[in-house]
Each structure stands twice: as C-alpha cells, then as structure tokens.
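Below: one structure, written as structure tokens.
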Number of protein chains: 2
Amino acid sequence: MIFGAIVAGGIGTRMSISDIPKQFMMLGNKPIIIHTIEKFILCTKLDYIFVGVHKDWTAYMENLLDKYSLDRNKVFIAEGGKDRNSTIFNIISAIEKTHGESTDHIIVTHDCVRPFVSIRIINENIDCALKYGACNTAIHSVDTIVVSEDGDSISDIPDRRRMFLGQTPQSFNMSELKKLYSELTEEEKNILTDACKIFYLRNKPVKIVAGDISNIKITTVSDYKMAQAIVGGKLFD
Amino acid sequence: MIFGAIVAGGIGTRMSISDIPKQFMMLGNKPIIIHTIEKFILCTKLDYIFVGVHKDWTAYMENLLDKYSLDRNKVFIAEGGKDRNSTIFNIISAIEKTHGESTDHIIVTHDCVRPFVSIRIINENIDCALKYGACNTAIHSVDTIVVSEDGDSISDIPDRRRMFLGQTPQSFNMSELKKLYSELTEEEKNILTDACKIFYLRNKPVKIVAGDISNIKITTVSDYKMAQAIVGGKLFD
C-alpha cells in the first residue's frame, strides 16, 4: 500500500507574528497544514495519510480535521517524535499497527509547511519509490551555489549544473528505510536528520524527482508573506 | 566614486507569455527593470547608475527612463555585450570614458530581473567592497542542497550549514576586477561567467553580504507569477 506521512511534529513558534506552531497558521482561508493534507487527499494513488503531530497538539489537530471536513477514513493522526526521523518512525509504527508489515509498502514523507506541493510531484514520487526504493524531490538551482566554511568568505563556487535544491516529498520503500535506520548507531541517528542521506551513505540509489519552484517551505515571516501573496492572488491554488 | 551597474544585456524571450525580453515585462504598474533601477536610485551612496542594454533595445530603454521620469542626471545607458561579463566591461568602459580611471572606484553589479533588492543590501555591498575589494550577496539555503552528476541520482548531500545561495549584487573594486579579468585567457573568459569566481580562483577574498529570500530572480513563468503576487499584495514594495 501507499502511505502519505506528513511530518508536523514541530512546536516551534519562531515566527514573531504568531504564538502557535507555524503549520497551524492561517494561509488564506485555512491553516497551512490543511492545505498540505488536502493536496495528499487529492492524490488517488495514496491509500492512507498519516499526520505526525506533537502530543500537545493532537487534540487541536483532531479538531482541525473535523472543522475542515477532511475524510477521516483517509487521514489519521500519529504522535510526533523528538525530531524529524523520530516522527517518521512513529508514523511507520502507527501504519504497521493498523495495516501490517510488508516489503511492498511505500511511504511518501512530506514537510507540513510545504502547502504548494502538486499532485504531479506526489505521483512521480510514488512511481519512483516503487521502481527504485528511494527518491528526493529537487529542483535545479537558479541561483549560484556558494560554499563558505565560516559564513564570512567564499571558499568554493561549485559548477551550478551539478547542484540541486532538495524539497520534499522524500519517498521510500518503508521496510528498506526501517532496516537501514535500525542499523545506525545512536550517534549516526543524531547526525542523519535527512532520511535520504541514510540511503545515500549506505550506497543505495536515491533518484531525483523534478520539484517546482512554487513548492516553497514556509519557515520565516518572509516565506509566510510570500505564501499569503500566492494564495491571495489565487495564482497557484 | 560608487557606480551601480545593472546587467540587462539579455534579449531572451523564453517566457512563453511575452515576446519582449523579460526585464521589460510589466510587474504591477511598471516594467521589472524600472523597479530595479528605482531601488538603486533610492540608495544615496551611489553616485551614478549605468544600465547595460543590448543595442537593439537601447532606444526602448531610453523611452522607458523618460516615461517613468527617472533622474537622467543619475541613470545612464551603456551598450550590452555578448554575455554577462562583456556587459559589465562595456559598462566599465562607459564609466571610465565619463569619470576617468581610479583605483578607488567601486562597481555594484546587479541582475536587472531582481527587482526586490533592498537598499540595506546595496549599502552593505558598497561598505564591503570598499573594505575588502569583492563581495557577493548570498543567503543560507533553507532547502537541503543535493549534488547530482547526471541529474538522475544523488551523488552527494553536503552539510547544509556550509551552503549558500548566491544572489546579486556582486560588488568589486573596479580596477581590481579589470586587472584580474585582463589576465584571463580567452578560454577562461568563456568559462568564468561569474565575476566573483574570477576573484576566488585568483585567491582574492570574496566576502558574503546577507541577502534576503525576497530578492528573487525572475527567470521563469512561476517566478513571474510569484513576483506579480508580491507586488499585487504590496507586501514588499
């Protein structure tokens, strides 16, 4: 089966303009996370969607699902973990509890604060994970990438044609991800916050799915204003 | 003296929604390039601003400057060259013809299709180029950077903390830039399309000035729609 896993375990309220975690902030006429979940519901290849939320916010999330009338036969809540990967593995546990283990399960993991993901991107992730076992959504960098060891002076300017900006979804064969993660030391688990990097470091191929420049991650007030402008203008929605 | 150099030599009409070069497309109530030039006019540290335009479009550009009543004692047009660096060096020739050569001249080069540059960014470029001789505007990457040699599979995932996205302005001591460029072979000139890379390859320090996520480069229809949303929402203007 094919599962969506929306990673929303963060409780960061860094945005000075709000005192709730940013995924719950309103974007146009509904919270950011509702936009995101709706994109996943619209993808018919997905069997079920699990949303990983910090335990202090699961009741709040339950209320949101009801308030915006999302299909409760399709969308489920799991308890988030202490970091991104823990949340993903909590979701995997919840999936296996209800749907059993299988080497055929595919998991499409996605940042809850990327509400402009398209159905095309989700579908290509599923196809690619089914075929190759792991993939990452990414776009060519329009800007030149520069490397700086100290954040003060440039130490390298690599060839731009080789450089991509990673987005999400990142999608995996679920049992393969579990196996590779279980083989990590505790120290490695603390360093490898990006699940694709686990595959890459174990010499497993990670394919690239073409993302889109509009698939932005809302992390700062500037991003949030840009996202508000996008939905206000109804240009991408 | 301090000079702005707005690089607008391109005649690309790749955007399917327009048959004029993209810098002349309307953004809100005026062309993209007028937004950009106005940001430079508003920076009081700049003595003069030169705009490098392809010879087929100089008359068009002249008309735009008049139509939008820009200060013709401050803004001048130079003929663009066959690529980015050629345009910059045509601008330097035009500057030296009217203002003479000096080892104190600073040039603040900027993409004409980055209309959301701020006065803060331009001012910091000037200070940094005066102090160190060369600088590049850049922001921390929010997205993970991934490397792919073939565009198909990931070949490296470098530590994100070292990776920055280059924007413009890029600012230089003018005589130093001329000297380094004149020492390049014709082959190197064809490869080194980024002026900062010339400094970096000659082991000259290139400092980083903090850019802004809103300082986007308008190169695709998606970028253009996002920019329209931004000015429509009056969020950044």
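By convention here, the chains of the structure tokens are called A, B, ... in the order presented, each chain's residues are numbered starting at 1, and ligands are numbered starting at 1 in the order presented.
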Per residue of chain B within 9 Å of chain A, note the shortest atom pair and the distance in Å to one decimal, counting only C-alpha atoms, and order the rows by chain and increasing residue number, as a tab-separated table.
```
residue	atom	partner	partner_atom	distance
B:Cys135	CA	A:Ser153	CA	8.4
B:Asn136	CA	A:Ile154	CA	8.5
B:Ala138	CA	A:Val146	CA	7.9
B:His140	CA	A:Gly151	CA	8.9
B:Ser141	CA	A:Leu165	CA	8.4
B:Val142	CA	A:Lys217	CA	7.9
B:Asp143	CA	A:Gly166	CA	5.5
B:Thr144	CA	A:Gly166	CA	4.8
B:Ile145	CA	A:Leu165	CA	4.7
B:Val146	CA	A:Phe164	CA	5.1
B:Val147	CA	A:Met163	CA	4.9
B:Ser148	CA	A:Arg162	CA	5.3
B:Glu149	CA	A:Arg162	CA	5.4
B:Asp150	CA	A:Arg162	CA	7.6
B:Gly151	CA	A:Ile208	CA	7.2
B:Asp152	CA	A:Ile208	CA	5.5
B:Ser153	CA	A:Lys207	CA	4.3
B:Ile154	CA	A:Val206	CA	5.6
B:Ser155	CA	A:Tyr200	CA	7.7
B:Asp156	CA	A:Tyr200	CA	7.6
B:Ile157	CA	A:Lys197	CA	6.7
B:Arg161	CA	A:Glu149	CA	8.3
B:Arg162	CA	A:Ser148	CA	5.3
B:Met163	CA	A:Val147	CA	4.9
B:Phe164	CA	A:Val146	CA	5.1
B:Leu165	CA	A:Ile145	CA	4.7
B:Gly166	CA	A:Thr144	CA	4.8
B:Gln167	CA	A:Asp143	CA	6.2
B:Asp194	CA	A:Thr144	CA	8.7
B:Cys196	CA	A:Ile157	CA	8.8
B:Lys197	CA	A:Ile157	CA	6.7
B:Tyr200	CA	A:Ile154	CA	7.5
B:Leu201	CA	A:Asp156	CA	9.0
B:Pro205	CA	A:Ser153	CA	6.5
B:Val206	CA	A:Ser153	CA	5.5
B:Lys207	CA	A:Ser153	CA	4.3
B:Ile208	CA	A:Asp152	CA	5.5
B:Val209	CA	A:Asp152	CA	8.2
B:Asp212	CA	A:Ser222	CA	8.7
B:Ile213	CA	A:Ser222	CA	7.0
B:Ser214	CA	A:Ser222	CA	6.9
B:Ile216	CA	A:Asp143	CA	9.0
B:Lys217	CA	A:Val142	CA	7.9
B:Thr219	CA	A:Val142	CA	8.2
B:Ser222	CA	A:Ser214	CA	6.9
B:Asp223	CA	A:Ile213	CA	7.6
B:Lys225	CA	A:Leu235	CA	6.9
B:Met226	CA	A:Ile230	CA	6.5
B:Gln228	CA	A:Gly233	CA	8.6
B:Ala229	CA	A:Ala229	CA	5.2
B:Ile230	CA	A:Ala229	CA	5.7
B:Val231	CA	A:Ala229	CA	8.7
B:Gly232	CA	A:Gly233	CA	7.7
B:Gly233	CA	A:Ala229	CA	5.7
B:Lys234	CA	A:Ala229	CA	8.8
B:Leu235	CA	A:Lys225	CA	7.0
B:Phe236	CA	A:Lys225	CA	8.8
```
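Using only C-alpha atoms, the contacts of B:Gln23 at a cut-off of 10 Å, with sequence neighbours closer than 2 positions omitted, comprise Ala8, Gly9, Gly10, Ile11, Gly12, Thr13, Ile20, Pro21, Met25, Met26, Leu27, Pro31, Ile32, Ile33, Ile34, His35, Thr36, Asp111, Cys112, Val113, Arg114, Pro115, Ile218 and Thr219 of chain B.
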Would you write out those residues with N, CA and C atoms, as a PDB file, in the first residue's frame?
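What landed in again-v4.pdb:
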```pdb
ATOM      1  N   ALA B   8      21.578  44.139 -18.068  1.00  0.00           N
ATOM      2  CA  ALA B   8      20.300  43.912 -18.749  1.00  0.00           C
ATOM      3  C   ALA B   8      20.542  43.677 -20.242  1.00  0.00           C
ATOM      4  N   GLY B   9      21.662  43.012 -20.561  1.00  0.00           N
ATOM      5  CA  GLY B   9      22.028  42.819 -21.960  1.00  0.00           C
ATOM      6  C   GLY B   9      21.268  41.701 -22.647  1.00  0.00           C
ATOM      7  N   GLY B  10      20.551  40.889 -21.856  1.00  0.00           N
ATOM      8  CA  GLY B  10      19.860  39.737 -22.427  1.00  0.00           C
ATOM      9  C   GLY B  10      18.713  40.143 -23.334  1.00  0.00           C
ATOM     10  N   ILE B  11      18.483  39.319 -24.350  1.00  0.00           N
ATOM     11  CA  ILE B  11      17.325  39.566 -25.210  1.00  0.00           C
ATOM     12  C   ILE B  11      16.450  38.318 -25.246  1.00  0.00           C
ATOM     13  N   GLY B  12      16.658  37.464 -24.206  1.00  0.00           N
ATOM     14  CA  GLY B  12      15.910  36.213 -24.130  1.00  0.00           C
ATOM     15  C   GLY B  12      14.425  36.465 -23.968  1.00  0.00           C
ATOM     16  N   THR B  13      13.627  35.743 -24.739  1.00  0.00           N
ATOM     17  CA  THR B  13      12.179  35.867 -24.628  1.00  0.00           C
ATOM     18  C   THR B  13      11.624  34.475 -24.359  1.00  0.00           C
ATOM     19  N   ILE B  20       8.701  40.132 -25.461  1.00  0.00           N
ATOM     20  CA  ILE B  20       9.794  41.084 -25.215  1.00  0.00           C
ATOM     21  C   ILE B  20      10.717  40.479 -24.160  1.00  0.00           C
ATOM     22  N   PRO B  21      11.990  40.930 -24.122  1.00  0.00           N
ATOM     23  CA  PRO B  21      12.897  40.421 -23.086  1.00  0.00           C
ATOM     24  C   PRO B  21      12.273  40.610 -21.703  1.00  0.00           C
ATOM     25  N   MET B  25       9.085  43.271 -19.091  1.00  0.00           N
ATOM     26  CA  MET B  25       7.693  42.893 -18.796  1.00  0.00           C
ATOM     27  C   MET B  25       7.154  43.718 -17.621  1.00  0.00           C
ATOM     28  N   MET B  26       5.853  43.976 -17.659  1.00  0.00           N
ATOM     29  CA  MET B  26       5.227  44.763 -16.593  1.00  0.00           C
ATOM     30  C   MET B  26       5.125  43.936 -15.308  1.00  0.00           C
ATOM     31  N   LEU B  27       5.417  44.590 -14.189  1.00  0.00           N
ATOM     32  CA  LEU B  27       5.278  43.977 -12.872  1.00  0.00           C
ATOM     33  C   LEU B  27       4.496  45.000 -12.053  1.00  0.00           C
ATOM     34  N   PRO B  31       7.541  48.365 -15.651  1.00  0.00           N
ATOM     35  CA  PRO B  31       8.387  47.228 -16.055  1.00  0.00           C
ATOM     36  C   PRO B  31       9.327  46.779 -14.936  1.00  0.00           C
ATOM     37  N   ILE B  32       9.653  45.492 -14.964  1.00  0.00           N
ATOM     38  CA  ILE B  32      10.571  44.915 -13.972  1.00  0.00           C
ATOM     39  C   ILE B  32      11.818  45.774 -13.812  1.00  0.00           C
ATOM     40  N   ILE B  33      12.435  46.164 -14.941  1.00  0.00           N
ATOM     41  CA  ILE B  33      13.717  46.871 -14.873  1.00  0.00           C
ATOM     42  C   ILE B  33      13.577  48.256 -14.227  1.00  0.00           C
ATOM     43  N   ILE B  34      12.415  48.854 -14.340  1.00  0.00           N
ATOM     44  CA  ILE B  34      12.201  50.164 -13.694  1.00  0.00           C
ATOM     45  C   ILE B  34      12.160  50.000 -12.174  1.00  0.00           C
ATOM     46  N   HIS B  35      11.492  48.935 -11.702  1.00  0.00           N
ATOM     47  CA  HIS B  35      11.530  48.635 -10.258  1.00  0.00           C
ATOM     48  C   HIS B  35      12.992  48.549  -9.792  1.00  0.00           C
ATOM     49  N   THR B  36      13.787  47.800 -10.560  1.00  0.00           N
ATOM     50  CA  THR B  36      15.173  47.542 -10.167  1.00  0.00           C
ATOM     51  C   THR B  36      15.978  48.844 -10.125  1.00  0.00           C
ATOM     52  N   ASP B 111      21.670  41.935 -11.245  1.00  0.00           N
ATOM     53  CA  ASP B 111      20.742  41.385 -12.240  1.00  0.00           C
ATOM     54  C   ASP B 111      19.543  42.314 -12.395  1.00  0.00           C
ATOM     55  N   CYS B 112      19.218  42.647 -13.628  1.00  0.00           N
ATOM     56  CA  CYS B 112      18.061  43.544 -13.851  1.00  0.00           C
ATOM     57  C   CYS B 112      16.743  42.887 -13.446  1.00  0.00           C
ATOM     58  N   VAL B 113      16.724  41.556 -13.381  1.00  0.00           N
ATOM     59  CA  VAL B 113      15.474  40.853 -13.056  1.00  0.00           C
ATOM     60  C   VAL B 113      15.396  40.443 -11.578  1.00  0.00           C
ATOM     61  N   ARG B 114      16.102  41.199 -10.726  1.00  0.00           N
ATOM     62  CA  ARG B 114      15.936  41.049  -9.263  1.00  0.00           C
ATOM     63  C   ARG B 114      15.406  42.376  -8.710  1.00  0.00           C
ATOM     64  N   PRO B 115      14.126  42.651  -8.947  1.00  0.00           N
ATOM     65  CA  PRO B 115      13.592  43.967  -8.595  1.00  0.00           C
ATOM     66  C   PRO B 115      13.353  44.172  -7.097  1.00  0.00           C
ATOM     67  N   ILE B 218      13.780  36.763 -11.440  1.00  0.00           N
ATOM     68  CA  ILE B 218      12.610  36.391 -12.246  1.00  0.00           C
ATOM     69  C   ILE B 218      13.088  35.805 -13.571  1.00  0.00           C
ATOM     70  N   THR B 219      13.061  34.467 -13.664  1.00  0.00           N
ATOM     71  CA  THR B 219      13.534  33.838 -14.905  1.00  0.00           C
ATOM     72  C   THR B 219      12.496  32.918 -15.533  1.00  0.00           C
TER      73      THR B 219
END
```
Tell me, as a list in words, which residues lie within 10 Å of stretch 68-76 of chain A, counting only C-alpha atoms; anything in the same chain fewer than 5 positions away does not count.
Phe3, Gly4, Ala5, Lys30, Pro31, Ile34, Ile37, Glu38, Phe40, Ile41, Leu46, Asp47, Tyr48, Ile49, Phe50, Val51, Gly52, Glu62, Asn63, Ile91, Ala94 and Ile95 of chain A
Please dump the current selection as a PDB file, in the first residue's frame; keep C-alpha atoms.
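again03.pdb written:
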```
ATOM      1  CA  PHE A   3       1.046   5.927   2.583  1.00  0.00           C
ATOM      2  CA  GLY A   4       1.447   9.665   2.918  1.00  0.00           C
ATOM      3  CA  ALA A   5       3.405  10.778   6.003  1.00  0.00           C
ATOM      4  CA  LYS A  30      -7.469  27.704   6.170  1.00  0.00           C
ATOM      5  CA  PRO A  31      -4.395  26.610   8.167  1.00  0.00           C
ATOM      6  CA  ILE A  34      -4.891  21.763   5.930  1.00  0.00           C
ATOM      7  CA  ILE A  37      -3.159  17.482   3.721  1.00  0.00           C
ATOM      8  CA  GLU A  38      -5.698  18.370   1.028  1.00  0.00           C
ATOM      9  CA  PHE A  40      -2.364  14.490  -0.414  1.00  0.00           C
ATOM     10  CA  ILE A  41      -6.083  13.615  -0.258  1.00  0.00           C
ATOM     11  CA  LEU A  46      -2.348   7.232  -1.886  1.00  0.00           C
ATOM     12  CA  ASP A  47      -4.252   4.751   0.246  1.00  0.00           C
ATOM     13  CA  TYR A  48      -3.934   6.499   3.623  1.00  0.00           C
ATOM     14  CA  ILE A  49      -2.398   9.676   5.008  1.00  0.00           C
ATOM     15  CA  PHE A  50      -0.826   9.878   8.470  1.00  0.00           C
ATOM     16  CA  VAL A  51      -0.019  13.199  10.101  1.00  0.00           C
ATOM     17  CA  GLY A  52       2.646  13.149  12.828  1.00  0.00           C
ATOM     18  CA  GLU A  62      -8.258  16.356  15.503  1.00  0.00           C
ATOM     19  CA  ASN A  63     -10.454  19.444  15.750  1.00  0.00           C
ATOM     20  CA  ILE A  91       4.182   7.143  11.772  1.00  0.00           C
ATOM     21  CA  ALA A  94       1.191   3.508  13.548  1.00  0.00           C
ATOM     22  CA  ILE A  95       0.902   2.290   9.948  1.00  0.00           C
TER      23      ILE A  95
END
```
What's the 12 Å shell around B:Ser93, counting only C-alpha atoms, without same-chain residues fewer than 3 positions away, as a compact mmCIF listing (two decimals) with N, CA and C atoms, in the first residue's frame?
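Generated file (out20.txt):
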```
# COMPACT_ATOMS: atom_id res chain seq x y z
N ALA B 5 25.79 49.07 -11.59
CA ALA B 5 25.86 48.51 -12.95
C ALA B 5 24.75 47.46 -13.07
N PHE B 50 24.59 52.84 -14.19
CA PHE B 50 24.66 52.53 -15.61
C PHE B 50 23.87 51.25 -15.88
N GLY B 52 23.27 48.33 -18.65
CA GLY B 52 23.80 47.75 -19.89
C GLY B 52 22.71 47.03 -20.65
N ILE B 77 22.72 54.87 -19.95
CA ILE B 77 22.63 53.60 -20.66
C ILE B 77 23.96 53.29 -21.34
N ALA B 78 24.40 52.04 -21.21
CA ALA B 78 25.59 51.58 -21.93
C ALA B 78 25.17 50.42 -22.83
N GLU B 79 25.97 50.16 -23.86
CA GLU B 79 25.61 49.08 -24.76
C GLU B 79 26.03 47.74 -24.15
N GLY B 80 25.13 46.77 -24.16
CA GLY B 80 25.42 45.46 -23.61
C GLY B 80 26.40 44.68 -24.48
N GLY B 81 26.97 43.62 -23.91
CA GLY B 81 27.90 42.77 -24.66
C GLY B 81 27.27 41.41 -24.92
N SER B 86 30.86 40.60 -20.50
CA SER B 86 31.07 41.61 -21.55
C SER B 86 30.23 42.84 -21.26
N THR B 87 29.01 42.62 -20.82
CA THR B 87 28.15 43.76 -20.49
C THR B 87 28.75 44.57 -19.34
N ILE B 88 29.24 43.85 -18.31
CA ILE B 88 29.88 44.55 -17.19
C ILE B 88 31.08 45.37 -17.68
N PHE B 89 31.89 44.78 -18.58
CA PHE B 89 33.09 45.51 -19.03
C PHE B 89 32.74 46.64 -20.00
N ASN B 90 31.66 46.52 -20.74
CA ASN B 90 31.18 47.66 -21.53
C ASN B 90 30.76 48.81 -20.60
N GLU B 96 34.53 54.83 -17.34
CA GLU B 96 35.87 55.44 -17.39
C GLU B 96 35.94 56.54 -18.43
N LYS B 97 35.11 56.44 -19.48
CA LYS B 97 35.08 57.48 -20.51
C LYS B 97 34.56 58.80 -19.91
N THR B 98 33.59 58.68 -19.01
CA THR B 98 32.97 59.90 -18.47
C THR B 98 33.55 60.31 -17.11
N HIS B 99 34.07 59.36 -16.33
CA HIS B 99 34.51 59.68 -14.97
C HIS B 99 35.98 59.37 -14.71
N GLY B 100 36.69 58.89 -15.74
CA GLY B 100 38.11 58.60 -15.60
C GLY B 100 38.38 57.31 -14.84
N GLU B 101 39.66 56.88 -14.90
CA GLU B 101 40.06 55.68 -14.17
C GLU B 101 40.46 56.05 -12.75
N MET B 174 36.71 48.33 -8.92
CA MET B 174 36.62 48.27 -10.37
C MET B 174 37.97 47.98 -11.04
N SER B 175 39.02 48.63 -10.57
CA SER B 175 40.32 48.43 -11.22
C SER B 175 40.87 47.03 -10.95
N LYS B 178 39.03 44.70 -13.33
CA LYS B 178 39.59 44.85 -14.68
C LYS B 178 40.94 44.13 -14.81
```
